[in-house]
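As provided, input14.pdb (PDB, C-alpha atoms (C1' of nucleotides)) reads as follows.
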ATOM      1  CA  MET S 842       9.547 -14.856   0.257  1.00  0.00           C
ATOM      2  CA  ALA S 843       6.905 -15.701   2.714  1.00  0.00           C
ATOM      3  CA  LYS S 844       7.879 -16.097   6.298  1.00  0.00           C
ATOM      4  CA  ARG S 845       6.774 -19.281   7.964  1.00  0.00           C
ATOM      5  CA  PRO S 846       3.129 -19.103   8.865  1.00  0.00           C
ATOM      6  CA  PRO S 847       2.086 -19.656  12.500  1.00  0.00           C
ATOM      7  CA  ILE S 848       0.079 -22.691  11.503  1.00  0.00           C
ATOM      8  CA  LEU S 849       0.938 -26.332  12.067  1.00  0.00           C
ATOM      9  CA  ASN S 850      -0.619 -29.228  10.206  1.00  0.00           C
ATOM     10  CA  ARG S 851      -0.940 -32.967  10.314  1.00  0.00           C
ATOM     11  CA  VAL S 852      -1.142 -33.573   6.594  1.00  0.00           C
ATOM     12  CA  LYS S 853       1.784 -35.970   6.538  1.00  0.00           C
ATOM     13  CA  ALA S 854       0.466 -37.994   9.478  1.00  0.00           C
ATOM     14  CA  LEU S 855      -3.033 -38.138   8.027  1.00  0.00           C
ATOM     15  CA  ARG S 856      -1.628 -39.201   4.694  1.00  0.00           C
ATOM     16  CA  GLU S 857       0.356 -42.022   6.256  1.00  0.00           C
ATOM     17  CA  ALA S 858      -2.627 -43.069   8.345  1.00  0.00           C
ATOM     18  CA  HIS S 859      -4.667 -43.119   5.181  1.00  0.00           C
ATOM     19  CA  ASP S 860      -3.104 -46.332   3.950  1.00  0.00           C
ATOM     20  CA  GLY S 861       0.207 -44.658   3.155  1.00  0.00           C
ATOM     21  CA  MET S 862      -1.278 -42.388   0.537  1.00  0.00           C
ATOM     22  CA  SER S 863       1.482 -40.763  -1.490  1.00  0.00           C
ATOM     23  CA  GLN S 864       1.989 -37.028  -1.866  1.00  0.00           C
ATOM     24  CA  ALA S 865       1.229 -37.397  -5.552  1.00  0.00           C
ATOM     25  CA  ALA S 866      -2.060 -39.176  -4.866  1.00  0.00           C
ATOM     26  CA  LEU S 867      -3.129 -36.560  -2.341  1.00  0.00           C
ATOM     27  CA  ALA S 868      -2.177 -33.772  -4.710  1.00  0.00           C
ATOM     28  CA  LYS S 869      -4.303 -35.298  -7.418  1.00  0.00           C
ATOM     29  CA  GLU S 870      -7.291 -35.730  -5.119  1.00  0.00           C
ATOM     30  CA  ILE S 871      -7.280 -32.135  -3.934  1.00  0.00           C
ATOM     31  CA  GLY S 872      -6.437 -30.705  -7.325  1.00  0.00           C
ATOM     32  CA  VAL S 873      -3.014 -29.215  -6.704  1.00  0.00           C
ATOM     33  CA  THR S 874       0.485 -30.225  -7.687  1.00  0.00           C
ATOM     34  CA  ARG S 875       2.805 -32.474  -5.768  1.00  0.00           C
ATOM     35  CA  GLN S 876       5.089 -29.533  -5.068  1.00  0.00           C
ATOM     36  CA  THR S 877       2.236 -27.760  -3.337  1.00  0.00           C
ATOM     37  CA  VAL S 878       1.657 -30.724  -1.036  1.00  0.00           C
ATOM     38  CA  ILE S 879       5.363 -30.839  -0.243  1.00  0.00           C
ATOM     39  CA  ALA S 880       5.443 -27.130   0.600  1.00  0.00           C
ATOM     40  CA  ILE S 881       2.396 -27.400   2.842  1.00  0.00           C
ATOM     41  CA  GLU S 882       3.749 -30.428   4.705  1.00  0.00           C
ATOM     42  CA  GLN S 883       7.045 -28.655   5.198  1.00  0.00           C
ATOM     43  CA  GLY S 884       5.306 -25.548   6.488  1.00  0.00           C
ATOM     44  CA  ARG S 885       6.891 -23.350   3.866  1.00  0.00           C
ATOM     45  CA  TYR S 886       3.562 -21.630   3.506  1.00  0.00           C
ATOM     46  CA  SER S 887       0.017 -22.339   4.548  1.00  0.00           C
ATOM     47  CA  PRO S 888      -2.462 -23.324   1.879  1.00  0.00           C
ATOM     48  CA  SER S 889      -5.428 -21.348   0.689  1.00  0.00           C
ATOM     49  CA  LEU S 890      -8.573 -21.933   2.701  1.00  0.00           C
ATOM     50  CA  GLU S 891      -9.976 -23.763  -0.281  1.00  0.00           C
ATOM     51  CA  SER S 892      -7.063 -26.198  -0.449  1.00  0.00           C
ATOM     52  CA  ALA S 893      -7.314 -26.641   3.309  1.00  0.00           C
ATOM     53  CA  PHE S 894     -10.967 -27.629   2.998  1.00  0.00           C
ATOM     54  CA  ARG S 895     -10.220 -30.079   0.221  1.00  0.00           C
ATOM     55  CA  ILE S 896      -7.497 -31.742   2.279  1.00  0.00           C
ATOM     56  CA  ALA S 897      -9.801 -32.120   5.276  1.00  0.00           C
ATOM     57  CA  ARG S 898     -12.480 -33.617   3.055  1.00  0.00           C
ATOM     58  CA  VAL S 899     -10.132 -36.182   1.574  1.00  0.00           C
ATOM     59  CA  PHE S 900      -9.356 -37.457   5.049  1.00  0.00           C
ATOM     60  CA  GLY S 901     -12.911 -37.089   6.303  1.00  0.00           C
ATOM     61  CA  VAL S 902     -11.980 -34.826   9.194  1.00  0.00           C
ATOM     62  CA  SER S 903     -12.615 -31.222  10.157  1.00  0.00           C
ATOM     63  CA  LEU S 904     -10.385 -28.282   9.348  1.00  0.00           C
ATOM     64  CA  ASP S 905      -9.272 -28.083  12.955  1.00  0.00           C
ATOM     65  CA  ASP S 906      -8.200 -31.719  12.866  1.00  0.00           C
ATOM     66  CA  VAL S 907      -5.744 -30.897  10.101  1.00  0.00           C
ATOM     67  CA  PHE S 908      -4.553 -27.391  10.955  1.00  0.00           C
ATOM     68  CA  GLN S 909      -3.717 -25.886  14.343  1.00  0.00           C
ATOM     69  CA  TRP S 910      -2.688 -22.417  15.320  1.00  0.00           C
ATOM     70  CA  ASP S 911       0.885 -22.472  16.566  1.00  0.00           C
ATOM     71  CA  GLU S 912       0.620 -21.015  20.046  1.00  0.00           C
ATOM     72  CA  THR S 913       4.357 -20.516  20.213  1.00  0.00           C
ATOM     73  CA  ALA S 914       4.227 -18.034  17.353  1.00  0.00           C
ATOM     74  CA  GLU S 915       3.462 -14.390  17.806  1.00  0.00           C
ATOM     75  CA  SER S 916      -0.222 -13.706  17.298  1.00  0.00           C
TER      76      SER S 916
ATOM     77  CA  MET N 312      -9.748 -12.322 -11.378  1.00  0.00           C
ATOM     78  CA  ALA N 313     -10.606 -15.119  -9.095  1.00  0.00           C
ATOM     79  CA  LYS N 314     -13.846 -16.948  -9.530  1.00  0.00           C
ATOM     80  CA  ARG N 315     -16.024 -17.177  -6.459  1.00  0.00           C
ATOM     81  CA  PRO N 316     -14.680 -19.736  -4.062  1.00  0.00           C
ATOM     82  CA  PRO N 317     -16.933 -22.625  -2.956  1.00  0.00           C
ATOM     83  CA  ILE N 318     -16.739 -21.444   0.622  1.00  0.00           C
ATOM     84  CA  LEU N 319     -19.405 -19.647   2.628  1.00  0.00           C
ATOM     85  CA  ASN N 320     -18.750 -17.696   5.797  1.00  0.00           C
ATOM     86  CA  ARG N 321     -20.542 -16.120   8.717  1.00  0.00           C
ATOM     87  CA  VAL N 322     -18.134 -13.275   9.322  1.00  0.00           C
ATOM     88  CA  LYS N 323     -20.778 -10.594   9.012  1.00  0.00           C
ATOM     89  CA  ALA N 324     -23.177 -12.378  11.372  1.00  0.00           C
ATOM     90  CA  LEU N 325     -20.427 -13.027  13.906  1.00  0.00           C
ATOM     91  CA  ARG N 326     -19.359  -9.422  13.697  1.00  0.00           C
ATOM     92  CA  GLU N 327     -22.865  -8.180  14.351  1.00  0.00           C
ATOM     93  CA  ALA N 328     -23.316 -10.656  17.184  1.00  0.00           C
ATOM     94  CA  HIS N 329     -20.075  -9.398  18.632  1.00  0.00           C
ATOM     95  CA  ASP N 330     -21.597  -6.166  19.854  1.00  0.00           C
ATOM     96  CA  GLY N 331     -21.906  -4.735  16.360  1.00  0.00           C
ATOM     97  CA  MET N 332     -18.187  -4.719  15.752  1.00  0.00           C
ATOM     98  CA  SER N 333     -17.382  -2.682  12.647  1.00  0.00           C
ATOM     99  CA  GLN N 334     -15.517  -3.977   9.620  1.00  0.00           C
ATOM    100  CA  ALA N 335     -12.737  -1.535  10.418  1.00  0.00           C
ATOM    101  CA  ALA N 336     -12.424  -2.813  13.979  1.00  0.00           C
ATOM    102  CA  LEU N 337     -12.327  -6.430  12.850  1.00  0.00           C
ATOM    103  CA  ALA N 338      -9.779  -5.624  10.177  1.00  0.00           C
ATOM    104  CA  LYS N 339      -7.557  -4.004  12.777  1.00  0.00           C
ATOM    105  CA  GLU N 340      -7.854  -6.943  15.160  1.00  0.00           C
ATOM    106  CA  ILE N 341      -6.897  -9.518  12.585  1.00  0.00           C
ATOM    107  CA  GLY N 342      -4.251  -7.371  10.966  1.00  0.00           C
ATOM    108  CA  VAL N 343      -5.686  -6.845   7.510  1.00  0.00           C
ATOM    109  CA  THR N 344      -7.254  -3.893   5.774  1.00  0.00           C
ATOM    110  CA  ARG N 345     -10.909  -2.978   5.760  1.00  0.00           C
ATOM    111  CA  GLN N 346     -11.096  -3.784   2.061  1.00  0.00           C
ATOM    112  CA  THR N 347      -9.999  -7.310   2.789  1.00  0.00           C
ATOM    113  CA  VAL N 348     -12.786  -7.788   5.312  1.00  0.00           C
ATOM    114  CA  ILE N 349     -15.309  -6.437   2.819  1.00  0.00           C
ATOM    115  CA  ALA N 350     -14.096  -8.790   0.105  1.00  0.00           C
ATOM    116  CA  ILE N 351     -14.235 -11.806   2.418  1.00  0.00           C
ATOM    117  CA  GLU N 352     -17.735 -10.978   3.656  1.00  0.00           C
ATOM    118  CA  GLN N 353     -18.894 -10.540   0.098  1.00  0.00           C
ATOM    119  CA  GLY N 354     -17.342 -13.841  -0.932  1.00  0.00           C
ATOM    120  CA  ARG N 355     -15.224 -12.235  -3.635  1.00  0.00           C
ATOM    121  CA  TYR N 356     -12.404 -14.481  -2.563  1.00  0.00           C
ATOM    122  CA  SER N 357     -11.691 -16.672   0.427  1.00  0.00           C
ATOM    123  CA  PRO N 358      -9.039 -15.530   2.858  1.00  0.00           C
ATOM    124  CA  SER N 359      -5.708 -17.137   3.529  1.00  0.00           C
ATOM    125  CA  LEU N 360      -5.790 -19.871   6.138  1.00  0.00           C
ATOM    126  CA  GLU N 361      -3.903 -17.547   8.435  1.00  0.00           C
ATOM    127  CA  SER N 362      -6.496 -14.785   8.145  1.00  0.00           C
ATOM    128  CA  ALA N 363      -9.217 -17.382   8.628  1.00  0.00           C
ATOM    129  CA  PHE N 364      -7.629 -18.521  11.875  1.00  0.00           C
ATOM    130  CA  ARG N 365      -7.289 -14.964  13.131  1.00  0.00           C
ATOM    131  CA  ILE N 366     -10.938 -14.264  12.427  1.00  0.00           C
ATOM    132  CA  ALA N 367     -12.064 -17.378  14.289  1.00  0.00           C
ATOM    133  CA  ARG N 368      -9.881 -16.422  17.229  1.00  0.00           C
ATOM    134  CA  VAL N 369     -11.329 -12.927  17.450  1.00  0.00           C
ATOM    135  CA  PHE N 370     -14.785 -14.409  17.818  1.00  0.00           C
ATOM    136  CA  GLY N 371     -13.667 -17.280  20.018  1.00  0.00           C
ATOM    137  CA  VAL N 372     -15.025 -19.979  17.725  1.00  0.00           C
ATOM    138  CA  SER N 373     -13.577 -22.730  15.573  1.00  0.00           C
ATOM    139  CA  LEU N 374     -12.684 -22.453  11.918  1.00  0.00           C
ATOM    140  CA  ASP N 375     -15.666 -24.562  10.991  1.00  0.00           C
ATOM    141  CA  ASP N 376     -17.978 -22.205  12.845  1.00  0.00           C
ATOM    142  CA  VAL N 377     -16.894 -19.383  10.559  1.00  0.00           C
ATOM    143  CA  PHE N 378     -16.336 -21.097   7.217  1.00  0.00           C
ATOM    144  CA  GLN N 379     -18.374 -23.824   5.544  1.00  0.00           C
ATOM    145  CA  TRP N 380     -17.839 -25.695   2.336  1.00  0.00           C
ATOM    146  CA  ASP N 381     -20.569 -24.777  -0.124  1.00  0.00           C
ATOM    147  CA  GLU N 382     -22.107 -28.127  -1.014  1.00  0.00           C
ATOM    148  CA  THR N 383     -23.890 -26.601  -3.983  1.00  0.00           C
ATOM    149  CA  ALA N 384     -20.570 -25.805  -5.649  1.00  0.00           C
ATOM    150  CA  GLU N 385     -18.654 -28.268  -7.740  1.00  0.00           C
ATOM    151  CA  SER N 386     -16.106 -30.081  -5.647  1.00  0.00           C
TER     152      SER N 386
ATOM    153  C1'  DT T1099     -26.770  21.863   7.397  1.00  0.00           C
ATOM    154  C1'  DC T1100     -22.576  19.899   8.773  1.00  0.00           C
ATOM    155  C1'  DT T1101     -19.897  16.281  10.583  1.00  0.00           C
ATOM    156  C1'  DC T1102     -18.828  11.675  11.622  1.00  0.00           C
ATOM    157  C1'  DC T1103     -19.086   6.880  10.901  1.00  0.00           C
ATOM    158  C1'  DA T1104     -19.958   2.623   8.434  1.00  0.00           C
ATOM    159  C1'  DT T1105     -20.143   0.557   4.244  1.00  0.00           C
ATOM    160  C1'  DG T1106     -19.028   0.212  -0.490  1.00  0.00           C
ATOM    161  C1'  DT T1107     -16.456   0.770  -5.120  1.00  0.00           C
ATOM    162  C1'  DC T1108     -12.477   1.099  -8.054  1.00  0.00           C
ATOM    163  C1'  DA T1109      -7.738   0.536  -9.900  1.00  0.00           C
ATOM    164  C1'  DA T1110      -3.010  -0.442  -9.602  1.00  0.00           C
ATOM    165  C1'  DA T1111       0.764  -2.295  -7.022  1.00  0.00           C
ATOM    166  C1'  DA T1112       2.674  -5.578  -3.720  1.00  0.00           C
ATOM    167  C1'  DA T1113       2.818  -9.944  -1.480  1.00  0.00           C
ATOM    168  C1'  DT T1114       1.829 -14.713  -1.283  1.00  0.00           C
ATOM    169  C1'  DT T1115       0.386 -19.111  -3.173  1.00  0.00           C
ATOM    170  C1'  DT T1116       0.454 -22.286  -6.957  1.00  0.00           C
ATOM    171  C1'  DC T1117       2.119 -24.152 -11.337  1.00  0.00           C
ATOM    172  C1'  DT T1118       5.457 -25.741 -14.651  1.00  0.00           C
ATOM    173  C1'  DT T1119       9.576 -27.943 -15.709  1.00  0.00           C
ATOM    174  C1'  DA T1120      13.631 -30.083 -14.664  1.00  0.00           C
ATOM    175  C1'  DC T1121      16.804 -32.626 -12.075  1.00  0.00           C
ATOM    176  C1'  DA T1122      18.569 -35.397  -7.680  1.00  0.00           C
ATOM    177  C1'  DT T1123      18.458 -38.984  -4.168  1.00  0.00           C
ATOM    178  C1'  DG T1124      17.354 -43.268  -1.735  1.00  0.00           C
ATOM    179  C1'  DA T1125      14.533 -47.460  -1.346  1.00  0.00           C
ATOM    180  C1'  DC T1126      12.859 -51.356  -3.442  1.00  0.00           C
ATOM    181  C1'  DC T1127      12.512 -55.045  -6.703  1.00  0.00           C
ATOM    182  C1'  DC T1128      13.751 -57.525 -11.174  1.00  0.00           C
TER     183       DC T1128
ATOM    184  C1'  DG J 369      23.023 -53.032 -13.304  1.00  0.00           C
ATOM    185  C1'  DG J 370      18.538 -51.109 -14.649  1.00  0.00           C
ATOM    186  C1'  DG J 371      13.755 -49.681 -13.672  1.00  0.00           C
ATOM    187  C1'  DT J 372      10.200 -47.673 -10.928  1.00  0.00           C
ATOM    188  C1'  DC J 373       8.397 -45.025  -7.171  1.00  0.00           C
ATOM    189  C1'  DA J 374       8.429 -41.610  -3.444  1.00  0.00           C
ATOM    190  C1'  DT J 375      10.335 -37.661  -1.837  1.00  0.00           C
ATOM    191  C1'  DG J 376      12.958 -33.507  -2.310  1.00  0.00           C
ATOM    192  C1'  DT J 377      15.106 -29.092  -4.469  1.00  0.00           C
ATOM    193  C1'  DA J 378      15.178 -25.188  -7.487  1.00  0.00           C
ATOM    194  C1'  DA J 379      13.857 -21.197 -10.526  1.00  0.00           C
ATOM    195  C1'  DG J 380      10.692 -18.576 -13.023  1.00  0.00           C
ATOM    196  C1'  DA J 381       6.032 -17.782 -14.506  1.00  0.00           C
ATOM    197  C1'  DA J 382       1.180 -17.519 -13.435  1.00  0.00           C
ATOM    198  C1'  DA J 383      -2.679 -16.931 -10.422  1.00  0.00           C
ATOM    199  C1'  DT J 384      -4.718 -15.295  -6.270  1.00  0.00           C
ATOM    200  C1'  DT J 385      -4.874 -12.542  -2.056  1.00  0.00           C
ATOM    201  C1'  DT J 386      -3.868  -8.246   0.155  1.00  0.00           C
ATOM    202  C1'  DT J 387      -2.544  -3.456   0.332  1.00  0.00           C
ATOM    203  C1'  DT J 388      -2.678   1.348  -0.801  1.00  0.00           C
ATOM    204  C1'  DG J 389      -5.113   5.390  -1.843  1.00  0.00           C
ATOM    205  C1'  DA J 390      -8.928   7.638  -3.374  1.00  0.00           C
ATOM    206  C1'  DC J 391     -13.651   8.646  -3.718  1.00  0.00           C
ATOM    207  C1'  DA J 392     -19.061   7.780  -3.032  1.00  0.00           C
ATOM    208  C1'  DT J 393     -23.302   7.008  -0.363  1.00  0.00           C
ATOM    209  C1'  DG J 394     -26.560   6.746   3.487  1.00  0.00           C
ATOM    210  C1'  DG J 395     -27.661   7.138   8.420  1.00  0.00           C
ATOM    211  C1'  DA J 396     -27.270   9.241  12.913  1.00  0.00           C
ATOM    212  C1'  DG J 397     -26.717  13.089  15.615  1.00  0.00           C
ATOM    213  C1'  DA J 398     -25.260  17.991  17.033  1.00  0.00           C
TER     214       DA J 398
END

In structure tokens, write the structure found in this file.
Amino acid sequence: MAKRPPILNRVKALREAHDGMSQAALAKEIGVTRQTVIAIEQGRYSPSLESAFRIARVFGVSLDDVFQWDETAES
Amino acid sequence: MAKRPPILNRVKALREAHDGMSQAALAKEIGVTRQTVIAIEQGRYSPSLESAFRIARVFGVSLDDVFQWDETAES
DNA sequence: TCTCCATGTCAAAAATTTCTTACATGACCC
DNA sequence: GGGTCATGTAAGAAATTTTTGACATGGAGA
């Protein structure tokens, strides 16, 4: 399997701040499945750049507001 | 194969602005192959979020400075 | 000319992300 | 209790990204 990517994200926090939007609702808006949203929030793998863009657009923020390089990981 | 992603990038321009860095040198710095850099620059597919981050870091810019959503593509 | 370097192409395999389907749990409300 | 919703897990298939290896071309320079 994939090892954990060195990327952190605030998807869950943004979702909750967005009027408690559910994982299912977010998944539908960005055009992926609920399982994909779960995996991304859990950091099991990082999304494609395209999914990342769609997530940022749903919340009206920039890519860097959603995803951050994990400085504690090896570069 | 994959259809063209709705994402544009300035990798080639950044590379040239970065003292004419070669595709091979960039590939080595971000830990992918030269073919991957070629494919990204040509827009054949968009990179993983992890590769995207590594590219931005090499050039010392933000993700959004390297990759832009193509507004002319269907969302 | 010959060599080196940068870019490009191609095809198949490998690795990673995403989908599909199914089932489980806890919270909440009737 | 029974129903719905949100979240979570799991396994295999499908799709996409990346690698590997090989070969081609054009430019620059010795």

I need the output of the PyMOL selection byres ((chain T and resi 1123) around 10) for this file as a ChimeraX atom specification; which residues are they?
/T:1122,1124-1125 /J:375-376

Export, as a PDB file, in the coordinates of the input, the selected residues with C-alpha atoms (C1' of nucleotides).
ATOM      1  C1'  DA T1122      18.569 -35.397  -7.680  1.00  0.00           C
ATOM      2  C1'  DG T1124      17.354 -43.268  -1.735  1.00  0.00           C
ATOM      3  C1'  DA T1125      14.533 -47.460  -1.346  1.00  0.00           C
TER       4       DA T1125
ATOM      5  C1'  DT J 375      10.335 -37.661  -1.837  1.00  0.00           C
ATOM      6  C1'  DG J 376      12.958 -33.507  -2.310  1.00  0.00           C
TER       7       DG J 376
END

Could you list, as a PyMOL selection string, every residue of chain S that has an atom within 10 Å of an atom of chain N, counting all atoms listed in the file?
chain S and resi 846-848+871-872+886-895+898+903-905+908-910+916

What does chain N look like after a least-squares fit onto chain S on every Cα paired in order, written as a compact mmCIF listing (two decimals) with C-alpha atoms, keeping the file's coordinate frame?
# COMPACT_ATOMS: atom_id res chain seq x y z
CA MET N 312 9.45 -15.01 0.14
CA ALA N 313 6.89 -15.72 2.73
CA LYS N 314 7.93 -16.14 6.31
CA ARG N 315 6.79 -19.32 7.98
CA PRO N 316 3.14 -19.13 8.86
CA PRO N 317 2.07 -19.65 12.50
CA ILE N 318 0.08 -22.69 11.51
CA LEU N 319 0.95 -26.33 12.08
CA ASN N 320 -0.61 -29.23 10.22
CA ARG N 321 -0.93 -32.98 10.33
CA VAL N 322 -1.15 -33.59 6.61
CA LYS N 323 1.77 -35.99 6.54
CA ALA N 324 0.45 -38.02 9.49
CA LEU N 325 -3.05 -38.15 8.02
CA ARG N 326 -1.63 -39.22 4.70
CA GLU N 327 0.33 -42.04 6.26
CA ALA N 328 -2.66 -43.10 8.33
CA HIS N 329 -4.69 -43.13 5.16
CA ASP N 330 -3.13 -46.33 3.91
CA GLY N 331 0.18 -44.67 3.12
CA MET N 332 -1.29 -42.39 0.51
CA SER N 333 1.48 -40.74 -1.50
CA GLN N 334 1.98 -37.01 -1.87
CA ALA N 335 1.24 -37.38 -5.56
CA ALA N 336 -2.05 -39.16 -4.88
CA LEU N 337 -3.13 -36.55 -2.35
CA ALA N 338 -2.17 -33.74 -4.70
CA LYS N 339 -4.30 -35.29 -7.42
CA GLU N 340 -7.29 -35.72 -5.12
CA ILE N 341 -7.28 -32.15 -3.94
CA GLY N 342 -6.43 -30.70 -7.32
CA VAL N 343 -3.02 -29.19 -6.68
CA THR N 344 0.48 -30.16 -7.69
CA ARG N 345 2.82 -32.42 -5.79
CA GLN N 346 5.08 -29.47 -5.07
CA THR N 347 2.24 -27.73 -3.32
CA VAL N 348 1.67 -30.70 -1.04
CA ILE N 349 5.37 -30.83 -0.23
CA ALA N 350 5.46 -27.14 0.61
CA ILE N 351 2.40 -27.40 2.86
CA GLU N 352 3.74 -30.44 4.71
CA GLN N 353 7.03 -28.68 5.22
CA GLY N 354 5.30 -25.56 6.50
CA ARG N 355 6.90 -23.34 3.88
CA TYR N 356 3.58 -21.62 3.51
CA SER N 357 0.03 -22.34 4.57
CA PRO N 358 -2.44 -23.32 1.89
CA SER N 359 -5.42 -21.36 0.71
CA LEU N 360 -8.57 -21.94 2.71
CA GLU N 361 -9.97 -23.78 -0.28
CA SER N 362 -7.05 -26.20 -0.44
CA ALA N 363 -7.30 -26.65 3.32
CA PHE N 364 -10.95 -27.64 3.01
CA ARG N 365 -10.20 -30.09 0.22
CA ILE N 366 -7.49 -31.75 2.28
CA ALA N 367 -9.78 -32.14 5.28
CA ARG N 368 -12.46 -33.62 3.06
CA VAL N 369 -10.12 -36.20 1.58
CA PHE N 370 -9.35 -37.47 5.05
CA GLY N 371 -12.90 -37.10 6.31
CA VAL N 372 -11.97 -34.82 9.20
CA SER N 373 -12.60 -31.22 10.16
CA LEU N 374 -10.37 -28.29 9.36
CA ASP N 375 -9.26 -28.09 12.95
CA ASP N 376 -8.18 -31.72 12.88
CA VAL N 377 -5.72 -30.90 10.11
CA PHE N 378 -4.55 -27.39 10.96
CA GLN N 379 -3.71 -25.89 14.34
CA TRP N 380 -2.70 -22.41 15.31
CA ASP N 381 0.88 -22.45 16.57
CA GLU N 382 0.59 -20.96 20.05
CA THR N 383 4.34 -20.46 20.21
CA ALA N 384 4.20 -17.99 17.33
CA GLU N 385 3.44 -14.34 17.76
CA SER N 386 -0.23 -13.69 17.26

Counting all atoms listed in the file, which residues of chain S fall within 12 Å of chain J, and what is the closest atom pair for each with its distance in Å at one decimal, ordered by chain and rising number, as CSV?
residue,atom,partner,partner_atom,distance
S:Gly861,CA,J:DA374,C1',11.0
S:Met862,CA,J:DA374,C1',10.5
S:Ser863,CA,J:DA374,C1',7.3
S:Gln864,CA,J:DA374,C1',8.1
S:Ala865,CA,J:DA374,C1',8.6
S:Ala866,CA,J:DA374,C1',10.9
S:Arg875,CA,J:DT375,C1',10.0
S:Gln876,CA,J:DG376,C1',9.2
S:Val878,CA,J:DT375,C1',11.1
S:Ile879,CA,J:DG376,C1',8.3
S:Ala880,CA,J:DG376,C1',10.3
S:Glu882,CA,J:DT375,C1',11.8
S:Gln883,CA,J:DG376,C1',10.7
S:Pro888,CA,J:DT384,C1',11.7
S:Ser889,CA,J:DT385,C1',9.2
S:Leu890,CA,J:DT385,C1',11.2
S:Glu891,CA,J:DT384,C1',11.6

Once you have the residues from the selection above, write them out as a short mmCIF file (atom, residue, chain, number, x, y, z; two decimals), in the coordinates of the input, restricted to C-alpha atoms.
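File written: result-v5.cif
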data_model
loop_
_atom_site.label_atom_id
_atom_site.label_comp_id
_atom_site.auth_asym_id
_atom_site.auth_seq_id
_atom_site.Cartn_x
_atom_site.Cartn_y
_atom_site.Cartn_z
CA GLY S 861 0.21 -44.66 3.16
CA MET S 862 -1.28 -42.39 0.54
CA SER S 863 1.48 -40.76 -1.49
CA GLN S 864 1.99 -37.03 -1.87
CA ALA S 865 1.23 -37.40 -5.55
CA ALA S 866 -2.06 -39.18 -4.87
CA ARG S 875 2.80 -32.47 -5.77
CA GLN S 876 5.09 -29.53 -5.07
CA VAL S 878 1.66 -30.72 -1.04
CA ILE S 879 5.36 -30.84 -0.24
CA ALA S 880 5.44 -27.13 0.60
CA GLU S 882 3.75 -30.43 4.70
CA GLN S 883 7.04 -28.66 5.20
CA PRO S 888 -2.46 -23.32 1.88
CA SER S 889 -5.43 -21.35 0.69
CA LEU S 890 -8.57 -21.93 2.70
CA GLU S 891 -9.98 -23.76 -0.28
#

What are the nearest atom pairs, with distances in Å to one decimal, for all residues of chain T that come at most 9 Å from chain N, using only C-alpha atoms (C1' of nucleotides), set out by chain and rising residue number as a Markdown table?
| residue | atom | partner | partner_atom | distance |
| --- | --- | --- | --- | --- |
| T:DA1104 | C1' | N:Ser333 | CA | 7.2 |
| T:DT1105 | C1' | N:Gln334 | CA | 8.4 |
| T:DG1106 | C1' | N:Ile349 | CA | 8.3 |

Those selected residues, please, written with C-alpha atoms (C1' of nucleotides) and delivered as a PDB file, keeping the file's coordinate frame.
ATOM      1  C1'  DA T1104     -19.958   2.623   8.434  1.00  0.00           C
ATOM      2  C1'  DT T1105     -20.143   0.557   4.244  1.00  0.00           C
ATOM      3  C1'  DG T1106     -19.028   0.212  -0.490  1.00  0.00           C
TER       4       DG T1106
END

Could you tell me how far atom CA of Glu340 of chain N sits from atom CA of Val907 of chain S, in Å to one decimal place?
24.6 Å

Taking 5 positions as the minimum chain separation for residues in the same chain, which residues sit within 10 Å of Asp906 of chain S when counting all atoms listed in the file? Answer as a ChimeraX atom specification.
/S:850-852,855,897,900-901
